[in-house]
Every structure is written in C-alpha cells, then in structure tokens.
Amino acid sequence: MTKATRALLGATFLTAMALPAVAQETTLTIATVNNGDMIRMQGLTEDFKEQHPDIALEWVTLEENVLRQRVTQDIATQGGQFDVMTIGNYEVPIWAKQEWLLPLEGMPEGYNTDDILPAIAEALTVDGTLYAAPFYGESAMVMYRTDLAEEAGVEIPDQPTWTDIRNAAEAMTDKENEVYGICLRGKAGWGENMAFLTAMANSYGARWFDMDWAPQFDSEEWNATLTDYLDMMNNYGPPGASSNGFNENLALFQQGKCGIWIDATVAASFVTDEDESTVADSVGFAQFPNKEGVDNRGNWLWSWNLAIPSSTDAPEAAKQFVAWATSQGYTELVAEDEGWAAAPPGTRTSLYENEQYQEAAPFAEMTLNSINAVDTNAPSVQETPYTGAQFVAIPEFQGIGTAVGQQFSAALAGQMDAAQALSGAQTSTQRTMDRAGYGSE
Amino acid sequence: MARAVSTRRKAAVTALAWTIGILIFFPIFWTILTSFKTEAEAVATPPSLFNFNWTLENYTTVQDRSNYGRHFLNSVVISLGSTFLGLVIAVPAAWAMAFVPGKQTKNVLMWMLSTKMLPPVGVLIPIYLIFRNTGLLDTRVALIIVLTLINLPIIVWMLYTYFREIPGEILEAARMDGATLRYEILYVLTPMALPGIASTFLLNVILAWNEAFWTLNLTAANAAPLTAFIASYSSPEGLFYAKLSAASTMAIAPILILGWFSQKQLVRGLTFGAVK
C-alpha cells in the first residue's frame with residue numbers, strides 16, 4: 001500500500017467519522033425584514049447558539065414588500081425554503097385558516113404567553129390558538145413639536161380630536177420658513193397611505209364594508225374623512241405630499257420641517273434619537289385623534305411576528321428559536337447589550353412595567369396606551385363583517401387597498417377631487433368583491 | 001466657413017453627449033457619494049455635494065452584517081455560468097439561422113424575441129413548482145438555467161446579426177477545403193465573429209448580474225446573489241439610505257470595473273455592422 005493510498009483511506013475514514021456529527025446539526029433558514037430590531041437580533045444570536053449548539057441559523061433579510069411576496073409564494077406552494085418566517089398580523093389569521101402555519105402550542109418552560117399584550121395576542125390568535133409570536137409591535141400616535149406648539153400658543157391634549165389637530169396644524173404652519181403644520185402619508189399603497197387613511201376613517205366612524213360586504217365609500221363618514229384629510233394636507237402639509245411615506249415624513253420631521261406627524265409609534269424612537277434628529281429634545285406625544293363623539297382612536301395595530309410554516313422540516317428547532325427571540329429573556333439581553341431604549345417595543349406587558357424602560361423611553365406610556373386602545377375584533381364603531389385594524393383582514397385587501405390608495409393619492413396630488421376619488425374607490429372595490437364572490441352567498 | 005460650422009456642430013454634439021453621459025451617470029455618482037455620508041446627512045435638505053463628514057462607517061456596518069463574499073461568488077458563478085451555457089446553445093443556433101436559413105427562420109427569430117414580451121411573473125409559479133419538485137430551489141444551477149433561458153433570445157439575435165455580416169463564401173471555401181461543421185464553427189466562424197461574441201458575452205454577463213426578479217424569487221440563503229444583498233438593506237420604516245447606498249456601491253462595483261476595462265470591446269461589438 002502506497003503512502004498516497006494510506007492517506008486517502010485515512011481521510012475517508014475521518015470523513016466518515018465526522019459525518020454523523022455534521023448530520024446532527026439542524027440548520028434553520030429564517031426569513032426576516034430589514035428593520036433596526038431585527039438586525040439587532042441577528043447580532044445577538046450567539047446567545048441562542050450557546051444554548052442550542054446543535055442548531056445553526058441562516059438569515060434571509062429582505063425589504064418588507066419583497067419579503068411579503070417571497071414568503072407568500074413559498075408558503076402557498078409549500079416550497080419549504082424557510083423554517084421561520086417574519087410576518088405581519090395581517091397575514092397571521094389568513095394563513096392560519098389555510099393551515100399554512102403550525103400552532104405555537106407547548107412553548108418551552110418559562111415562555112410566559114400571558115405576558116403578551118392582550119391586543120397583540122388577540123390579533124395572532126385564531127380559534128383560541130396562538131399561531132405566531134410577536135417580536136415587535138406598534139400602534140399609531142401623534143408626534144408634535146412642543147416648541148412650535150408653545151410659540152403658536154396651542155396645546156395638544158393627550159387624547160386630541162381632529163379639530164384639535166387641525167387647529168394646531170394651522171397655528172404651527174410657517175411656509176415661508178418651510179415649517180409645515182402637519183405631515184401625513186400620501187404615497188399610494190395598502191400599507192402606505194391606506195394604513196393611515198383606514199385608521200383615520202375608523203376614527204371618523206367609517207367602515208370599509210357593511211354586513212353584506214358592500215363597500216362604503218359612498219357614506220358620509222368616508223366623505224368627511226377624505227375631505228378633511230385633503231383640506232389639512234393642502235393647506236398645512238408639505239409640497240409633494242402624495243409621494244411621502246413613513247421615511248419621507250420621518251426625514252422631514254427630523255429636520256424640523258413638520259409641526260405634527262401622525263404615524264406608527266415606532267417613529268418615536270427615531271425622532272427622539274439625538275444622533276439623527278435635530279428636534280430630539282422638543283417632541284411631544286399624544287394618542288391617535290378621533291372625531292368628536294366617535295369612540296375610536298384609529299385602531300392601528302401592527303406587529304412583526306415569528307411564525308413557523310407547516311412546510312418546515314424542523315418544527316421543534318424552529319419553536320426553540322421563536323421562543324428565544326420573543327421571550328422576556330431576549331428583551332433583557334438587548335437591554336444588557338444596548339440599553340433599555342433598544343428593547344423591542346409593543347409586545348410584552350412586563351416591558352412597560354419595567355421602570356428602567358419607562359425612564360429610557362419617554363414615549364413608552366403613550367405607546368402602551370395606543371396599543372391598548374386597539375380592538376381588532378371591532379375596527380369601526382359600526383358593525384363590520386371583518387376583523388382588522390388599519391387594514392381589513394381578507395386576502396383581497398392588498399389589491400383593493402392599493403387600488404383605493406391610488407385614487408386617494410391622486411386626489412392629494414390635485415388630479416381629482418374627493419368625490420371623484422371616493423366614487424372611483426367605490427367602483428373598483430365593488431368590482432373586486434363581486435369577482436371574489438363576497439356577499440353572493 | 002464650412003469648417004467653422006463643422007467645428008461648432010462638433011462642439012455642440014460633444015456638449016450634448018457629455019450632458020447625456022453625466023445625466024445617466026448622476027444616479028450612480030449620487031449613490032456612491034451617499035455611501036460615504038451619515039444617515040442624517042444622507043437625507044438632509046438641501047443635500048451637500050462634497051461638504052460633509054466623509055465616513056467609511058456604512059461600509060464597515062455592511063461588511064459586519066452581511067456575507068458579501070458569498071453573495072459575490074454566487075453572482076459570479078450565476079452570471080458567468082448562464083452566459084457560457086447561453087453561448088454554447090446560441091452560437092450553433094445563430095450559425096444555422098444566418099448561413100442555412102429556412103422558410104421559417106425569420107418567424108422563429110420573432111417567436112424567440114416574443115418570449116421576452118411575456119411578463120416574468122406570469123410563469124413564476126410553474127417554474128417555482130418545477131424547481132421545488134426537482135429540489136433545485138435556492139441553488140445556483142436553477143438560476144443558471146433560468147437566466148440562460150431568459151437571455152437566450154437576446155444572445156441568439158445579437159449573434160445572428162453579427163454572423164450575417166460575415167461573407168458566407170469564406171465558410172464555403174472552408175467547406176471545400178474539407179472542414180467539418182465543428183471545425184467550420186470553431187476555427188473559421190468564431191475567430192471572425194470574436195468581437196461580436198465578446199460583446200454578446202459582456203452584455204449578457206451584465207444582464208445576468210443585474211437580474212433581480214428571478215434571483216430574488218428563486219433563492220433563500222444559499223444561492224442568493226448580490227441583488228438579494230442589496231434588497232436586504234432597503235426598508236420602508238427607517239432611514240437606512242446611506243447603508244443601502246454602500247451595499248449598492250459594493251454590488252455594482254465589480255460590474256462597473258468590468259464595463260470600464262471592456263468598454264472598447266463592448267462599443268465595437270455593439271456597433272458592429274451598424275455603419276457600412
């Protein structure tokens with residue numbers, strides 16, 4: 001036997017010995033969204049690996065809309081590309097009913113499910129079973145410049161009405177100095193302007209559909225919503241607002257060009273960040289406004305959640321990871337590493353009871369109040385055949401929401417008036433619902 | 001007088017060409033510039049051109065967060081693999097159409113081109129299911145196959161155009177000298193069409209490198225190329241423009257460098273036969 005042959009045999013033997021050890025390692029592929037909290041989690045996974053040396057993690061991080069398309073395609077075809085998916089509370093009930101998600105039963109010991117904020121838990125539960133674990137949650141609230149409000153001699157109460165907001169926006173507007181009283185979303189899309197306008201419509205007492213699934217854009221409530229929105233934005237909003245989404249308004253607010261900005265509560269941590277925001281020390285917070293006499297503060301609720309697709313071949317390992325990433329222990333790990341202000345917000349009651357967190361995050365109380373005010377089972381004060389929040393929890397909503405958003409964005413750009421936009425919205429929504437067979441049973 | 005007019009016209013055309021060139025390059029230039037700014041400076045209005053605190057922090061962050069090397073390698077393998085495979089199929093096909101045309105050749109060429117008019121999303125689900133069933137999802141092989149197929153009409157068309165410029169008599173002479181088909185294509189046709197083949201090769205590498213629909217939809221963790229790397233830095237909720245710009249610069253840098261060094265070849269090939 002030559003040296004080369006012996007070496008070859010030796011190498012083969014060693015490889016064969018090593019194979020069982022390699023084979024025992026489970027690799028989880030996790031699809032996630034690109035936001036600060038998720039990226040932070042990727043940086044902290046050493047802790048998980050120490051606890052679970054037999055589980056390796058592979059990350060697929062994508063932009064929100066790309067991620068949604070990618071995971072929907074994979075789960076609908078049972079492609080099995082992902083073991084853990086980051087999905088919104090819009091998808092959870094729809095996918096759970098399709099049996100595309102595994103129920104999160106039998107979570108590891110110490111995982112305190114009762115600690116999850118009730119509004120969030122409700123949104124992720126179908127027929128009494130939790131189908132996704134919240135990683136981070138948000139509602140919407142008013143963020144405003146306390147210095148400008150003081151200069152203008154206006155006060156925004158903790159629970160403002162739309163009249164309060166309009167008056168304050170009017171008083172704060174100083175277009176010559178590029179200060180605009182109010183900044184709101186105008187960019188078309190179901191998760192863009194329609195997230196805001198659906199919440200605003202909820203707070204005006206409007207609803208998307210009546211109990212027979214007939215669209216309601218011809219109602220007085222929707223007319224008042226859109227008319228007031230256009231009026232405020234045209235008089236006190238920034239130029240080119242029909243192209244503005246969350247990021248554009250965030251940039252405007254951080255540069256001191258907005259008096260009031262009403263948007264997702266997660267924005268509070270950005271506008272109070274002294275490294276990024278020029279107005280960090282003069283930001284006040286209030287709950288989402290309502291129309292006088294309407295007991296509804298928009299019902300905006302969004303959470304990014306970790307769910308396990310039924311197509312995974314490693315359900316137990318996936319459950320271990322989901323439990324780790326959404327546990328109280330993880331929140332403490334973040335606090336230890338980067339401070340309490342960096343803890344993922346909006347999911348656990350214990351976080352809001354923590355004095356250190358309250359001290360580090362001045363917006364904590366308002367965020368909690370905003371989330372607690374949400375009832376996803378009753379999005380509007382009127383009776384609805386759907387559940388939801390700043391969206392309608394039906395599969396068709398992505399399509400109809402975007403189509404309606406295009407009409408309303410065009411109205412904001414001055415291409416049509418409110419009546420024409422509402423009429424267009426009514427027609428396109430009716431057509432889609434008829435085709436989908438709603439109300440025909 | 002005539003010379004003066006000609007000089008003025010030349011100057012005007014040169015100025016116009018520079019203006020168009022600068023306009024086309026400006027977004028790339030702005031992306032590169034933004035990648036050296038902080039996130040706050042990236043969204044500041046009015047934006048500053050050069051007067052800001054230059055930083056490499058975005059590149060460090062991107063490097064720490066992502067496995068650039070793996071994405072880069074996937075991009076190289078997929079774009080080169082699909083281009084080579086495409087050429088292997090397209091050279092004989094274009095030869096047949098250029099030198100042995102049949103009654104249906106033009107129709108076949110038009111039909112091939114018409115497949116480019118189909119929106120890719122129309123065949124996404126069938127292709128996804130085929131790759132799922134064959135276990136090819138999230139593999140480089142799947143992307144090489146798909147990118148070869150979607151770019152094949154362009155390769156065949158380009159090669160066909162170049163081959164048509166080559167006198168058929170030369171090939172006939174080779175045949176009379178006893179050249180086999182293989183010999184004719186490899187040793188007579190290919191050397192003469194080399195500029196055309198080279199520019200087709202380069203253009204196809206660029207097309208495959210930049211392809212984002214299929215590369216995003218058919219990959220997850222293993223075969224994701226640089227397009228997925230860029231997509232991981234875009235966010236509708238949070239200002240990450242500087243990091244996104246750094247990721248984009250890192251993704252386009254290799255292809256920009258390739259384009260810079262091969263521009264003569266590329267222009268020569270693309271204008272081959274355009275002026276007689």
# chains A, B, ... in the order shown; residues from 1 in each chain; ligands from 1
call {"tool": "interface_residues", "arguments": {"of": "chain B", "to": "chain A", "cutoff": "10 Å", "atoms": "only C-alpha atoms", "output": "VMD selection string"}}
result
chain B and resid 38 to 45 64 to 66 124 to 126 128 to 129 131 to 133 135 137 to 138 216 to 222 224 228 to 241
call {"tool": "residues_around", "arguments": {"residues": "region 202-212 of chain B", "least_positions_apart": "3", "cutoff": "10 Å", "atoms": "only C-alpha atoms", "output": "ChimeraX atom specification"}}
result
/B:72,74-84,86-87,143-144,147-148,150-152,154-155,196-199,215-217,225-228,230-231,251-252,254-256,258-259,262-263,265-266,269-270
call {"tool": "select_by_dssp", "arguments": {"residues": "region 149-325 of chain A", "states": "strand (DSSP E or B)", "output": "CSV table (one decimal) with C-alpha atoms, in the first residue's frame"}}
result
chain,number,residue,atom,x,y,z
A,161,THR,CA,-59.7,65.3,18.5
A,174,ASP,CA,-45.0,78.8,8.6
A,179,VAL,CA,-42.3,74.6,8.5
A,180,TYR,CA,-45.5,72.7,7.7
A,181,GLY,CA,-48.2,72.2,10.3
A,182,ILE,CA,-48.9,68.6,9.5
A,183,CYS,CA,-47.2,65.7,7.7
A,209,PHE,CA,-67.8,47.2,4.2
A,215,PRO,CA,-68.2,48.9,0.0
A,258,CYS,CA,-43.1,69.3,10.4
A,259,GLY,CA,-45.2,70.6,13.3
A,260,ILE,CA,-47.3,67.4,13.7
A,261,TRP,CA,-46.7,63.9,12.3
A,262,ILE,CA,-49.2,61.1,12.9
A,263,ASP,CA,-47.7,57.7,12.2
A,264,ALA,CA,-46.5,54.4,13.6
A,283,VAL,CA,-41.1,66.2,20.8
A,284,GLY,CA,-44.4,65.6,22.5
A,285,PHE,CA,-46.7,62.6,22.1
A,286,ALA,CA,-50.5,62.2,22.1
A,287,GLN,CA,-52.9,59.4,21.2
A,290,ASN,CA,-60.8,60.9,16.9
A,302,TRP,CA,-49.1,46.2,13.5
A,303,SER,CA,-46.8,43.6,14.8
A,304,TRP,CA,-43.9,41.8,13.2
A,305,ASN,CA,-44.2,38.2,14.3
A,306,LEU,CA,-42.2,35.0,14.0
A,307,ALA,CA,-44.3,32.1,12.7
A,309,PRO,CA,-44.7,27.4,8.3
call {"tool": "closest_residue", "arguments": {"among": "A:Asp37, A:Glu91, A:Asp417, A:Glu332", "to": "Thr227 (chain A)", "atoms": "only C-alpha atoms"}}
result
A:Asp417
call {"tool": "residues_around", "arguments": {"residues": "Phe363 (chain A)", "least_positions_apart": "3", "cutoff": "12 Å", "atoms": "only C-alpha atoms", "output": "ChimeraX atom specification"}}
result
/A:138,140-143,265-273,283-287,341,345-346,352,357-360,366-370
call {"tool": "write_last_selection", "arguments": {"atoms": "N, CA and C atoms", "output": "mmCIF file, in the first residue's frame"}}
result
data_model
loop_
_atom_site.group_PDB
_atom_site.id
_atom_site.type_symbol
_atom_site.label_atom_id
_atom_site.label_comp_id
_atom_site.auth_asym_id
_atom_site.auth_seq_id
_atom_site.Cartn_x
_atom_site.Cartn_y
_atom_site.Cartn_z
ATOM 1 N N GLU A 138 -46.572 47.750 17.205
ATOM 2 C CA GLU A 138 -46.752 49.200 17.163
ATOM 3 C C GLU A 138 -48.204 49.555 16.924
ATOM 4 N N ALA A 140 -50.367 53.615 16.306
ATOM 5 C CA ALA A 140 -50.026 54.921 15.727
ATOM 6 C C ALA A 140 -50.346 55.993 16.749
ATOM 7 N N MET A 141 -49.597 57.073 16.702
ATOM 8 C CA MET A 141 -49.863 58.167 17.625
ATOM 9 C C MET A 141 -49.434 59.501 17.017
ATOM 10 N N VAL A 142 -49.740 60.553 17.745
ATOM 11 C CA VAL A 142 -49.381 61.897 17.295
ATOM 12 C C VAL A 142 -48.010 62.244 17.865
ATOM 13 N N MET A 143 -47.122 62.704 16.993
ATOM 14 C CA MET A 143 -45.837 63.244 17.457
ATOM 15 C C MET A 143 -45.816 64.712 17.049
ATOM 16 N N THR A 265 -46.036 54.178 16.004
ATOM 17 C CA THR A 265 -45.387 54.527 17.276
ATOM 18 C C THR A 265 -43.879 54.261 17.259
ATOM 19 N N VAL A 266 -43.440 53.368 16.364
ATOM 20 C CA VAL A 266 -42.014 53.057 16.300
ATOM 21 C C VAL A 266 -41.206 54.304 15.917
ATOM 22 N N ALA A 267 -41.854 55.263 15.270
ATOM 23 C CA ALA A 267 -41.169 56.500 14.861
ATOM 24 C C ALA A 267 -40.670 57.288 16.070
ATOM 25 N N ALA A 268 -41.321 57.082 17.226
ATOM 26 C CA ALA A 268 -40.949 57.863 18.416
ATOM 27 C C ALA A 268 -39.473 57.679 18.761
ATOM 28 N N SER A 269 -38.977 56.456 18.614
ATOM 29 C CA SER A 269 -37.569 56.221 18.964
ATOM 30 C C SER A 269 -36.630 56.898 17.974
ATOM 31 N N PHE A 270 -37.081 57.074 16.740
ATOM 32 C CA PHE A 270 -36.241 57.741 15.733
ATOM 33 C C PHE A 270 -36.215 59.257 15.960
ATOM 34 N N VAL A 271 -37.399 59.850 16.205
ATOM 35 C CA VAL A 271 -37.440 61.324 16.303
ATOM 36 C C VAL A 271 -36.831 61.825 17.618
ATOM 37 N N THR A 272 -36.677 60.929 18.593
ATOM 38 C CA THR A 272 -36.046 61.347 19.848
ATOM 39 C C THR A 272 -34.581 60.901 19.929
ATOM 40 N N ASP A 273 -34.072 60.376 18.824
ATOM 41 C CA ASP A 273 -32.670 59.950 18.785
ATOM 42 C C ASP A 273 -31.786 61.170 18.520
ATOM 43 N N VAL A 283 -39.988 66.981 21.378
ATOM 44 C CA VAL A 283 -41.057 66.183 20.770
ATOM 45 C C VAL A 283 -42.057 65.772 21.848
ATOM 46 N N GLY A 284 -43.323 66.046 21.581
ATOM 47 C CA GLY A 284 -44.395 65.614 22.482
ATOM 48 C C GLY A 284 -45.205 64.513 21.817
ATOM 49 N N PHE A 285 -45.938 63.758 22.634
ATOM 50 C CA PHE A 285 -46.707 62.633 22.101
ATOM 51 C C PHE A 285 -48.157 62.711 22.558
ATOM 52 N N ALA A 286 -49.043 62.251 21.713
ATOM 53 C CA ALA A 286 -50.465 62.168 22.077
ATOM 54 C C ALA A 286 -51.060 60.972 21.357
ATOM 55 N N GLN A 287 -52.227 60.529 21.828
ATOM 56 C CA GLN A 287 -52.872 59.377 21.188
ATOM 57 C C GLN A 287 -53.420 59.755 19.821
ATOM 58 N N ALA A 341 -33.622 51.350 26.040
ATOM 59 C CA ALA A 341 -34.323 52.047 24.947
ATOM 60 C C ALA A 341 -34.319 51.220 23.661
ATOM 61 N N PRO A 345 -40.166 47.022 21.220
ATOM 62 C CA PRO A 345 -41.355 47.513 21.927
ATOM 63 C C PRO A 345 -42.637 46.781 21.532
ATOM 64 N N GLY A 346 -43.678 47.036 22.319
ATOM 65 C CA GLY A 346 -45.036 46.717 21.906
ATOM 66 C C GLY A 346 -45.454 45.275 21.937
ATOM 67 N N TYR A 352 -43.368 47.217 29.854
ATOM 68 C CA TYR A 352 -43.947 48.524 30.201
ATOM 69 C C TYR A 352 -44.091 48.715 31.710
ATOM 70 N N TYR A 357 -37.094 50.823 31.719
ATOM 71 C CA TYR A 357 -37.550 51.060 30.353
ATOM 72 C C TYR A 357 -38.342 52.366 30.285
ATOM 73 N N GLN A 358 -39.190 52.571 31.263
ATOM 74 C CA GLN A 358 -40.002 53.809 31.275
ATOM 75 C C GLN A 358 -39.107 55.037 31.282
ATOM 76 N N GLU A 359 -38.018 54.912 32.018
ATOM 77 C CA GLU A 359 -37.090 56.041 32.124
ATOM 78 C C GLU A 359 -36.333 56.255 30.798
ATOM 79 N N ALA A 360 -35.953 55.153 30.165
ATOM 80 C CA ALA A 360 -35.158 55.261 28.927
ATOM 81 C C ALA A 360 -36.003 55.644 27.725
ATOM 82 N N MET A 366 -47.264 56.378 26.220
ATOM 83 C CA MET A 366 -48.181 56.704 25.121
ATOM 84 C C MET A 366 -48.273 55.544 24.138
ATOM 85 N N THR A 367 -47.157 54.855 23.913
ATOM 86 C CA THR A 367 -47.171 53.678 23.025
ATOM 87 C C THR A 367 -48.095 52.609 23.604
ATOM 88 N N LEU A 368 -47.938 52.351 24.895
ATOM 89 C CA LEU A 368 -48.763 51.326 25.545
ATOM 90 C C LEU A 368 -50.246 51.711 25.488
ATOM 91 N N ASN A 369 -50.546 52.982 25.793
ATOM 92 C CA ASN A 369 -51.946 53.431 25.741
ATOM 93 C C ASN A 369 -52.521 53.261 24.340
ATOM 94 N N SER A 370 -51.698 53.578 23.348
ATOM 95 C CA SER A 370 -52.169 53.480 21.957
ATOM 96 C C SER A 370 -52.460 52.028 21.589
#
call {"tool": "select_by_dssp", "arguments": {"residues": "region 214-299 of chain A", "states": "helix (DSSP H, G or I)", "output": "PyMOL selection string"}}
result
chain A and resi 220-236+241-243+246-254+267-271+280-282
call {"tool": "residues_around", "arguments": {"residues": "region 232-244 of chain A", "least_positions_apart": "2", "cutoff": "8 Å", "atoms": "only C-alpha atoms", "output": "PDB file with C-alpha atoms, in the first residue's frame"}}
result
ATOM      1  CA  ARG A 166     -56.363  70.869  12.568  1.00  0.00           C
ATOM      2  CA  ALA A 169     -51.521  72.458  12.396  1.00  0.00           C
ATOM      3  CA  GLU A 170     -52.914  75.786  11.239  1.00  0.00           C
ATOM      4  CA  THR A 173     -47.650  76.374   9.775  1.00  0.00           C
ATOM      5  CA  TYR A 180     -45.482  72.663   7.691  1.00  0.00           C
ATOM      6  CA  GLY A 181     -48.184  72.186  10.304  1.00  0.00           C
ATOM      7  CA  ILE A 182     -48.919  68.563   9.506  1.00  0.00           C
ATOM      8  CA  CYS A 183     -47.178  65.689   7.728  1.00  0.00           C
ATOM      9  CA  LEU A 184     -49.198  62.602   6.821  1.00  0.00           C
ATOM     10  CA  ARG A 185     -48.688  59.691   4.475  1.00  0.00           C
ATOM     11  CA  GLY A 186     -49.688  60.329   0.857  1.00  0.00           C
ATOM     12  CA  LYS A 187     -47.823  57.655  -1.103  1.00  0.00           C
ATOM     13  CA  ALA A 188     -50.241  55.131  -2.616  1.00  0.00           C
ATOM     14  CA  ASP A 228     -60.760  66.748   5.993  1.00  0.00           C
ATOM     15  CA  TYR A 229     -57.539  64.888   5.099  1.00  0.00           C
ATOM     16  CA  LEU A 230     -57.208  66.700   1.773  1.00  0.00           C
ATOM     17  CA  PHE A 246     -43.074  56.861   6.520  1.00  0.00           C
ATOM     18  CA  ASN A 247     -39.433  57.532   5.610  1.00  0.00           C
ATOM     19  CA  GLU A 248     -40.052  60.816   3.797  1.00  0.00           C
ATOM     20  CA  ASN A 249     -42.111  62.171   6.708  1.00  0.00           C
ATOM     21  CA  SER A 409     -53.133  59.763  -3.653  1.00  0.00           C
ATOM     22  CA  ALA A 410     -54.254  61.193  -7.000  1.00  0.00           C
ATOM     23  CA  LEU A 412     -53.953  64.652  -2.906  1.00  0.00           C
ATOM     24  CA  ALA A 413     -51.849  65.402  -5.995  1.00  0.00           C
TER      25      ALA A 413
END
call {"tool": "residues_around", "arguments": {"residues": "Glu46 (chain A)", "least_positions_apart": "6", "cutoff": "12 Å", "atoms": "only C-alpha atoms", "output": "PyMOL selection string"}}
result
chain A and resi 40+52-53+55-57+324-325+330+333
call {"tool": "write_last_selection", "arguments": {"atoms": "C-alpha atoms", "output": "mmCIF file, in the first residue's frame"}}
result
data_model
loop_
_atom_site.group_PDB
_atom_site.id
_atom_site.type_symbol
_atom_site.label_atom_id
_atom_site.label_comp_id
_atom_site.auth_asym_id
_atom_site.auth_seq_id
_atom_site.Cartn_x
_atom_site.Cartn_y
_atom_site.Cartn_z
ATOM 1 C CA ARG A 40 -30.116 43.757 16.316
ATOM 2 C CA HIS A 52 -28.511 25.385 21.280
ATOM 3 C CA PRO A 53 -25.171 24.357 19.778
ATOM 4 C CA ILE A 55 -28.976 24.477 15.737
ATOM 5 C CA ALA A 56 -27.365 26.670 13.071
ATOM 6 C CA LEU A 57 -29.078 29.808 11.771
ATOM 7 C CA TRP A 324 -35.822 32.506 22.406
ATOM 8 C CA ALA A 325 -36.347 35.543 20.148
ATOM 9 C CA TYR A 330 -34.318 38.244 24.970
ATOM 10 C CA LEU A 333 -30.370 40.510 26.687
#
call {"tool": "atom_distance", "arguments": {"atom1": "CA of Thr331 (chain A)", "atom2": "CA of Pro344 (chain A)"}}
result
6.9 Å
call {"tool": "residues_around", "arguments": {"residues": "Asp218 (chain A)", "least_positions_apart": "2", "cutoff": "10 Å", "atoms": "only C-alpha atoms", "output": "short mmCIF file (atom, residue, chain, number, x, y, z; two decimals) with N, CA and C atoms, in the first residue's frame"}}
result
data_model
loop_
_atom_site.label_atom_id
_atom_site.label_comp_id
_atom_site.auth_asym_id
_atom_site.auth_seq_id
_atom_site.Cartn_x
_atom_site.Cartn_y
_atom_site.Cartn_z
N PRO A 215 -69.09 47.81 -0.33
CA PRO A 215 -68.17 48.89 0.02
C PRO A 215 -68.92 50.14 0.47
N GLN A 216 -68.30 50.90 1.35
CA GLN A 216 -68.99 52.04 1.98
C GLN A 216 -68.37 53.40 1.66
N GLU A 220 -71.28 59.03 4.32
CA GLU A 220 -70.94 60.37 4.81
C GLU A 220 -69.63 60.34 5.61
N GLU A 221 -69.40 59.24 6.34
CA GLU A 221 -68.19 59.15 7.16
C GLU A 221 -66.91 59.15 6.31
N TRP A 222 -66.94 58.38 5.23
CA TRP A 222 -65.75 58.36 4.34
C TRP A 222 -65.57 59.71 3.66
N ASN A 223 -66.68 60.33 3.27
CA ASN A 223 -66.60 61.64 2.64
C ASN A 223 -65.94 62.65 3.59
N ALA A 419 -64.78 63.74 -4.19
CA ALA A 419 -65.95 62.98 -4.65
C ALA A 419 -65.56 62.00 -5.76
N LEU A 422 -63.56 59.07 -4.23
CA LEU A 422 -64.43 58.14 -3.49
C LEU A 422 -65.27 57.31 -4.45
N SER A 423 -65.73 57.94 -5.50
CA SER A 423 -66.53 57.22 -6.49
C SER A 423 -65.67 56.14 -7.17
N ALA A 425 -63.03 54.71 -5.91
CA ALA A 425 -62.75 53.69 -4.89
C ALA A 425 -63.92 52.74 -4.75
N GLN A 426 -65.13 53.31 -4.73
CA GLN A 426 -66.34 52.50 -4.59
C GLN A 426 -66.46 51.51 -5.76
N THR A 427 -66.27 52.02 -6.96
CA THR A 427 -66.43 51.18 -8.17
C THR A 427 -65.39 50.06 -8.20
#
